[in-house]
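As stored in input_10.txt (compact mmCIF, C-alpha atoms):
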# COMPACT_ATOMS: atom_id res chain seq x y z
CA MET B 1037 0.00 0.00 0.00
CA LYS B 1038 2.78 2.41 0.94
CA ARG B 1039 4.51 1.66 -2.35
CA ARG B 1040 1.32 2.44 -4.29
CA VAL B 1041 0.97 5.74 -2.43
CA ALA B 1042 4.60 6.63 -3.17
CA ILE B 1043 4.14 5.84 -6.86
CA LEU B 1044 0.93 7.90 -6.95
CA VAL B 1045 2.68 10.88 -5.31
CA ALA B 1046 5.54 10.61 -7.80
CA LEU B 1047 3.10 10.57 -10.70
CA ILE B 1048 1.30 13.63 -9.35
CA LEU B 1049 4.61 15.48 -9.01
CA CYS B 1050 5.61 14.54 -12.55
CA VAL B 1051 2.28 15.74 -13.94
CA SER B 1052 2.58 18.96 -11.91
CA LEU B 1053 6.07 19.64 -13.24
CA PHE B 1054 4.91 18.89 -16.78
CA LEU B 1055 1.98 21.29 -16.50
CA THR B 1056 4.11 24.07 -15.01
CA GLY B 1057 7.05 23.51 -17.33
CA GLY B 1058 9.26 22.80 -14.33
CA LYS B 1059 9.01 26.40 -13.13
CA PRO B 1060 9.06 27.10 -9.39
CA LYS B 1061 5.98 28.53 -7.76
CA LEU B 1062 5.98 32.32 -7.78
CA VAL B 1063 4.69 34.68 -5.13
CA SER B 1064 1.66 36.70 -6.14
CA GLU B 1065 1.89 40.13 -7.71
CA ASP B 1066 0.10 41.60 -4.70
CA ALA B 1067 2.65 40.08 -2.30
CA ALA B 1068 5.53 41.32 -4.45
CA LYS B 1069 3.98 44.78 -4.61
CA GLU B 1070 3.70 44.99 -0.83
CA ALA B 1071 7.28 43.76 -0.34
CA GLY B 1072 8.66 46.24 -2.86
CA LEU B 1073 6.74 49.20 -1.48
CA ALA B 1074 7.74 48.25 2.06
CA MET B 1075 11.43 48.36 1.11
CA ILE B 1076 10.98 51.74 -0.60
CA ARG B 1077 9.29 53.11 2.52
CA GLN B 1078 11.98 51.67 4.76
CA ALA B 1079 14.73 53.13 2.60
CA TYR B 1080 13.37 56.58 1.85
CA GLY B 1081 10.59 57.22 4.37
CA VAL B 1082 8.17 58.19 1.62
CA ASP B 1083 4.36 58.08 1.77
CA LEU B 1084 3.13 55.93 -1.12
CA ALA B 1085 -0.54 55.79 -0.16
CA SER B 1086 -1.63 57.76 -3.24
CA ALA B 1087 1.13 56.60 -5.59
CA VAL B 1088 0.40 55.08 -8.98
CA VAL B 1089 2.04 51.65 -8.75
CA THR B 1090 2.87 49.24 -11.57
CA VAL B 1091 4.05 45.65 -11.12
CA GLU B 1092 5.86 43.80 -13.92
CA TYR B 1093 7.22 40.26 -14.06
CA HIS B 1094 10.55 39.63 -15.81
CA GLU B 1095 12.79 36.67 -16.47
CA ARG B 1096 16.47 37.51 -16.85
CA ALA B 1097 19.35 35.35 -17.98
CA GLY B 1098 20.78 33.30 -15.15
CA VAL B 1099 24.45 33.39 -14.25
CA THR B 1100 27.10 31.12 -12.76
CA TYR B 1101 29.90 32.26 -10.47
CA GLU B 1102 33.19 30.41 -10.69
CA ASP B 1103 36.22 31.57 -8.70
CA GLY B 1104 34.53 34.93 -8.24
CA GLU B 1105 33.94 35.37 -11.97
CA ARG B 1106 30.48 35.94 -13.45
CA ILE B 1107 29.90 33.46 -16.29
CA GLN B 1108 26.90 32.69 -18.48
CA TYR B 1109 26.72 29.23 -20.03
CA GLY B 1110 23.16 29.67 -21.24
CA THR B 1111 21.91 26.65 -19.29
CA GLU B 1112 21.28 28.43 -15.99
CA GLU B 1113 17.82 28.85 -14.52
CA PRO B 1114 16.56 32.36 -15.27
CA MET B 1115 16.33 34.97 -12.55
CA ARG B 1116 12.65 35.57 -11.89
CA VAL B 1117 11.87 39.05 -10.63
CA TYR B 1118 8.99 41.42 -10.06
CA VAL B 1119 9.70 45.07 -10.80
CA ILE B 1120 7.67 47.64 -8.88
CA ILE B 1121 7.60 51.25 -10.08
CA THR B 1122 5.76 54.28 -8.76
CA ASN B 1123 4.46 57.38 -10.52
CA PRO B 1124 6.13 56.84 -13.91
CA ASP B 1125 6.42 59.90 -16.13
CA GLU B 1126 5.35 60.10 -19.77
CA ILE B 1127 8.34 58.05 -20.93
CA GLY B 1128 8.12 55.52 -18.11
CA ASN B 1129 10.77 56.82 -15.69
CA PRO B 1130 9.55 56.14 -12.13
CA GLU B 1131 10.01 58.19 -8.99
CA TYR B 1132 10.78 55.02 -7.03
CA TYR B 1133 11.75 51.55 -8.21
CA ALA B 1134 12.04 48.21 -6.42
CA GLU B 1135 12.89 44.63 -7.32
CA VAL B 1136 11.52 41.53 -5.60
CA ASN B 1137 12.63 37.93 -6.01
CA ALA B 1138 9.57 36.33 -7.61
CA VAL B 1139 10.29 32.94 -6.02
CA THR B 1140 11.24 33.90 -2.45
CA GLY B 1141 9.26 37.14 -2.21
CA VAL B 1142 12.30 38.98 -0.83
CA ALA B 1143 12.66 42.64 -1.83
CA TYR B 1144 16.33 43.34 -2.46
CA ARG B 1145 16.57 46.63 -4.35
CA ALA B 1146 15.08 50.11 -3.90
CA ASP B 1147 15.96 53.16 -6.01
CA LYS B 1148 15.03 56.82 -5.86
CA ASP B 1149 15.12 58.88 -9.05
CA GLU B 1150 17.72 61.64 -9.14
CA SER B 1151 15.05 64.11 -10.28
CA LEU B 1152 13.72 64.08 -6.70
CA ILE B 1153 16.97 65.54 -5.37
CA SER B 1154 17.03 69.26 -4.58
CA LEU B 1155 20.40 70.96 -4.20
CA THR B 1156 21.02 73.70 -1.66
CA PRO B 1157 22.60 76.93 -2.98
CA GLU B 1158 25.95 75.77 -1.59
CA GLN B 1159 25.64 72.39 -3.29
CA GLN B 1160 24.58 74.04 -6.55
CA ALA B 1161 27.71 76.19 -6.39
CA GLN B 1162 29.81 73.06 -5.84
CA ALA B 1163 28.20 71.43 -8.86
CA GLU B 1164 28.74 74.44 -11.10
CA ALA B 1165 32.36 74.78 -9.99
CA ILE B 1166 33.38 71.50 -11.60
CA GLY B 1167 32.70 72.87 -15.08
CA LYS B 1168 31.62 70.49 -17.82
CA VAL B 1169 31.44 66.73 -17.96
CA GLU B 1170 34.46 66.84 -20.26
CA ASP B 1171 36.47 68.40 -17.41
CA LEU B 1172 36.27 65.27 -15.27
CA PRO B 1173 37.86 63.78 -13.23
CA ILE B 1174 37.66 66.36 -10.44
CA GLU B 1175 40.93 67.10 -8.73
CA GLY B 1176 40.77 66.20 -5.05
CA PHE B 1177 37.45 64.35 -5.37
CA GLU B 1178 38.85 61.51 -3.26
CA ASP B 1179 37.84 63.31 -0.06
CA ASP B 1180 34.27 63.79 -1.30
CA GLU B 1181 34.15 60.14 -2.35
CA ALA B 1182 35.32 58.97 1.08
CA ASN B 1183 32.70 61.18 2.72
CA ALA B 1184 29.98 59.78 0.45
CA LEU B 1185 31.00 56.21 1.29
CA GLN B 1186 30.79 56.97 5.01
CA ILE B 1187 27.35 58.53 4.52
CA GLY B 1188 26.27 55.41 2.63
CA GLU B 1189 27.54 53.12 5.39
CA ASP B 1190 25.80 55.13 8.12
CA TRP B 1191 22.59 55.21 6.08
CA VAL B 1192 22.51 51.44 5.50
CA ARG B 1193 23.12 50.77 9.18
CA ALA B 1194 20.39 53.20 10.25
CA HIS B 1195 17.77 51.93 7.78
CA PHE B 1196 18.48 48.21 7.52
CA GLU B 1197 21.07 46.71 9.87
CA PRO B 1198 21.33 48.74 13.09
CA ASP B 1199 22.43 45.78 15.24
CA ILE B 1200 25.12 44.15 13.09
CA PRO B 1201 28.71 45.50 13.10
CA VAL B 1202 30.21 46.62 9.80
CA LEU B 1203 33.32 44.74 8.73
CA ARG B 1204 34.31 47.28 6.09
CA THR B 1205 32.98 49.53 3.33
CA VAL B 1206 34.69 49.51 -0.05
CA SER B 1207 34.49 51.81 -3.05
CA ASN B 1208 33.20 50.33 -6.29
CA SER B 1209 33.06 53.30 -8.64
CA SER B 1210 32.20 56.95 -9.14
CA MET B 1211 30.41 57.84 -12.35
CA THR B 1212 28.28 60.37 -14.17
CA ASP B 1213 27.03 60.94 -17.71
CA ASN B 1214 25.43 63.64 -19.81
CA TYR B 1215 22.04 62.92 -18.23
CA LEU B 1216 23.17 62.89 -14.57
CA PHE B 1217 25.83 65.61 -14.69
CA PRO B 1218 26.64 67.53 -12.50
CA ILE B 1219 25.42 64.80 -10.14
CA ILE B 1220 28.06 62.13 -9.55
CA GLN B 1221 27.07 58.70 -8.27
CA VAL B 1222 29.43 57.22 -5.70
CA ASP B 1223 28.89 53.47 -5.46
CA GLY B 1224 30.14 51.38 -2.56
CA SER B 1225 29.60 48.05 -0.82
CA VAL B 1226 28.87 47.88 2.90
CA ILE B 1227 30.03 44.51 4.20
CA PHE B 1228 28.71 43.35 7.56
CA ILE B 1229 30.44 40.94 9.88
CA ASP B 1230 27.80 38.24 9.28
CA GLY B 1231 28.50 38.30 5.51
CA THR B 1232 25.53 40.46 4.52
CA ILE B 1233 26.45 42.92 1.76
CA TYR B 1234 24.58 46.01 0.62
CA ASN B 1235 25.54 47.99 -2.45
CA VAL B 1236 24.64 51.64 -1.96
CA GLU B 1237 24.79 54.68 -4.25
CA VAL B 1238 25.23 58.19 -2.87
CA CYS B 1239 24.76 61.20 -5.14
CA TRP B 1240 27.26 64.04 -4.89
CA PRO B 1241 26.97 66.94 -4.06
CA ALA B 1242 23.57 66.39 -2.37
CA MET B 1243 25.03 63.39 -0.50
CA GLU B 1244 21.69 61.58 -0.69
CA VAL B 1245 21.27 57.84 -1.16
CA THR B 1246 19.49 56.97 -4.41
CA SER B 1247 19.95 53.21 -4.57
CA VAL B 1248 20.32 50.31 -2.16
CA TYR B 1249 20.80 46.69 -3.22
CA LEU B 1250 20.88 43.68 -0.89
CA CYS B 1251 23.30 41.32 -2.60
CA ASN B 1252 22.74 37.62 -3.31
CA GLN B 1253 18.95 37.76 -2.95
CA GLU B 1254 18.04 37.87 -6.64
CA TYR B 1255 18.56 34.12 -7.24
Conversion result in structure tokens:
Amino acid sequence: MKRRVAILVALILCVSLFLTGGKPKLVSEDAAKEAGLAMIRQAYGVDLASAVVTVEYHERAGVTYEDGERIQYGTEEPMRVYVIITNPDEIGNPEYYAEVNAVTGVAYRADKDESLISLTPEQQAQAEAIGKVEDLPIEGFEDDEANALQIGEDWVRAHFEPDIPVLRTVSNSSMTDNYLFPIIQVDGSVIFIDGTIYNVEVCWPAMEVTSVYLCNQEY
């Protein structure tokens, strides 16, 4: 009898996998929406009660990591993600953006659009003093970059991990382009002692965080 039950269960599982194409069960759009909006609120303290919210499902090419290198063989399971955007403009650019793992339901990314940043007169003067984008890099910007990284570390601790000690914070890059300029994005990784890593972007000269990304949660 037990053997018959086991065979029946196996057959049911096989039929289920056939009908679903072997795909894992996904969390609902409503659950993903709530998780994404919750991370945006936690990150930026914004009231989204009246926001126009759109939820989209995407499948992205999977990756393999070997010896720290990112490799794509083409046989990996895709990354399944819900994208949550709020108040998109006429060309689709949102005020806030979040990503949620469609399988686990974990929100791992929250962005704030740079158009929401307001510069003080002093910061505007700093921005104008650097000239044109062709004049980059800025001489002596290392001090501003270090300050931005410290602001990013303090921000991540205050908003997400107040009880876990930071092991170190490392610089990843500083970049701008014709669209962002004179804003410069300083990107760093905040590494906690338990192995948790957040990537965080701080915009100079406003020194405001515009992106936070909890690593290793997208798979």
Protein and nucleic acid residues near (23.4, 37.8, -1.7) (cut-off 10 Å, only C-alpha atoms) as number ranges by chain
B: 1144, 1231-1234, 1249-1255
Which polymer residues have any atom within 10 Å of an atom of Val1089 in chain B, counting only C-alpha atoms, with same-chain residues fewer than 2 positions away left out, as a PyMOL selection string?
chain B and resi 1069+1073+1084-1087+1091+1120-1124+1130+1132-1133
Write out the residues from the selection above, keeping C-alpha atoms, as a PDB file, keeping the file's coordinate frame.
ATOM      1  CA  LYS B1069       3.980  44.780  -4.610  1.00  0.00           C
ATOM      2  CA  LEU B1073       6.740  49.200  -1.480  1.00  0.00           C
ATOM      3  CA  LEU B1084       3.130  55.930  -1.120  1.00  0.00           C
ATOM      4  CA  ALA B1085      -0.540  55.790  -0.160  1.00  0.00           C
ATOM      5  CA  SER B1086      -1.630  57.760  -3.240  1.00  0.00           C
ATOM      6  CA  ALA B1087       1.130  56.600  -5.590  1.00  0.00           C
ATOM      7  CA  VAL B1091       4.050  45.650 -11.120  1.00  0.00           C
ATOM      8  CA  ILE B1120       7.670  47.640  -8.880  1.00  0.00           C
ATOM      9  CA  ILE B1121       7.600  51.250 -10.080  1.00  0.00           C
ATOM     10  CA  THR B1122       5.760  54.280  -8.760  1.00  0.00           C
ATOM     11  CA  ASN B1123       4.460  57.380 -10.520  1.00  0.00           C
ATOM     12  CA  PRO B1124       6.130  56.840 -13.910  1.00  0.00           C
ATOM     13  CA  PRO B1130       9.550  56.140 -12.130  1.00  0.00           C
ATOM     14  CA  TYR B1132      10.780  55.020  -7.030  1.00  0.00           C
ATOM     15  CA  TYR B1133      11.750  51.550  -8.210  1.00  0.00           C
TER      16      TYR B1133
END
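Rounded to one decimal, CA of Ala1161 in chain B and CA of Phe1217 in chain B lie 13.6 Å from each other.
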Spatial neighbours of Ala1068 in chain B, 12 Å, all atoms listed in the file, chain gap at least 4 places, as a CSV table (one decimal) with C-alpha atoms, in the frame of the given file:
chain,number,residue,atom,x,y,z
B,1062,LEU,CA,6.0,32.3,-7.8
B,1063,VAL,CA,4.7,34.7,-5.1
B,1064,SER,CA,1.7,36.7,-6.1
B,1072,GLY,CA,8.7,46.2,-2.9
B,1073,LEU,CA,6.7,49.2,-1.5
B,1074,ALA,CA,7.7,48.2,2.1
B,1075,MET,CA,11.4,48.4,1.1
B,1089,VAL,CA,2.0,51.6,-8.8
B,1090,THR,CA,2.9,49.2,-11.6
B,1091,VAL,CA,4.0,45.6,-11.1
B,1092,GLU,CA,5.9,43.8,-13.9
B,1093,TYR,CA,7.2,40.3,-14.1
B,1116,ARG,CA,12.6,35.6,-11.9
B,1117,VAL,CA,11.9,39.0,-10.6
B,1118,TYR,CA,9.0,41.4,-10.1
B,1119,VAL,CA,9.7,45.1,-10.8
B,1120,ILE,CA,7.7,47.6,-8.9
B,1121,ILE,CA,7.6,51.2,-10.1
B,1134,ALA,CA,12.0,48.2,-6.4
B,1135,GLU,CA,12.9,44.6,-7.3
B,1136,VAL,CA,11.5,41.5,-5.6
B,1137,ASN,CA,12.6,37.9,-6.0
B,1138,ALA,CA,9.6,36.3,-7.6
B,1139,VAL,CA,10.3,32.9,-6.0
B,1140,THR,CA,11.2,33.9,-2.4
B,1141,GLY,CA,9.3,37.1,-2.2
B,1142,VAL,CA,12.3,39.0,-0.8
B,1143,ALA,CA,12.7,42.6,-1.8
B,1144,TYR,CA,16.3,43.3,-2.5
Just how far from CA of Ser1210 in chain B is CA of Glu1178 in chain B, in Å to one decimal?
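These atoms are spaced 10.0 Å apart.
Rounded to one decimal, CA of His1195 in chain B and CA of Glu1244 in chain B lie 13.4 Å from each other.
Using all atoms listed in the file, the nearest neighbour of Tyr1080 in chain B within the list B:Leu1203, B:Leu1152, B:Ala1184, B:Ile1219 is B:Leu1152.
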Polymer residues at most 10 Å from Asn1235 in chain B, all atoms listed in the file, same-chain spacing of 3 or more positions, as a PDB file with C-alpha atoms, keeping the file's coordinate frame:
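Once written, around33.pdb looks like this:
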ATOM      1  CA  ARG B1145      16.570  46.630  -4.350  1.00  0.00           C
ATOM      2  CA  GLY B1188      26.270  55.410   2.630  1.00  0.00           C
ATOM      3  CA  GLU B1189      27.540  53.120   5.390  1.00  0.00           C
ATOM      4  CA  VAL B1192      22.510  51.440   5.500  1.00  0.00           C
ATOM      5  CA  THR B1205      32.980  49.530   3.330  1.00  0.00           C
ATOM      6  CA  VAL B1206      34.690  49.510  -0.050  1.00  0.00           C
ATOM      7  CA  SER B1207      34.490  51.810  -3.050  1.00  0.00           C
ATOM      8  CA  ASN B1208      33.200  50.330  -6.290  1.00  0.00           C
ATOM      9  CA  ASP B1223      28.890  53.470  -5.460  1.00  0.00           C
ATOM     10  CA  GLY B1224      30.140  51.380  -2.560  1.00  0.00           C
ATOM     11  CA  SER B1225      29.600  48.050  -0.820  1.00  0.00           C
ATOM     12  CA  VAL B1226      28.870  47.880   2.900  1.00  0.00           C
ATOM     13  CA  ILE B1227      30.030  44.510   4.200  1.00  0.00           C
ATOM     14  CA  SER B1247      19.950  53.210  -4.570  1.00  0.00           C
ATOM     15  CA  VAL B1248      20.320  50.310  -2.160  1.00  0.00           C
ATOM     16  CA  TYR B1249      20.800  46.690  -3.220  1.00  0.00           C
ATOM     17  CA  LEU B1250      20.880  43.680  -0.890  1.00  0.00           C
ATOM     18  CA  CYS B1251      23.300  41.320  -2.600  1.00  0.00           C
TER      19      CYS B1251
END
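You can rank B:Arg1077, B:Ala1067, B:Pro1218, B:Val1099 by their closest distance to Leu1155 in chain B using only C-alpha atoms, and at the top of that list sits B:Pro1218.
In terms of minimum interatomic distance to Gln1159 in chain B, B:Cys1239 ranks closest within B:Cys1239, B:Asp1066, B:Arg1193, B:Arg1096, counting all atoms listed in the file.
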For each of B:Ile1187, B:Ala1146, B:Val1236, B:Ile1200, take the minimum atom-to-atom distance to Gly1081 in chain B, counting all atoms listed in the file, then give the residue where this is smallest.
B:Ala1146
In terms of all atoms listed in the file, the residue from B:Asn1183, B:Ser1209, B:Asn1214, B:Thr1156 at minimal distance from Ala1242 in chain B is B:Thr1156
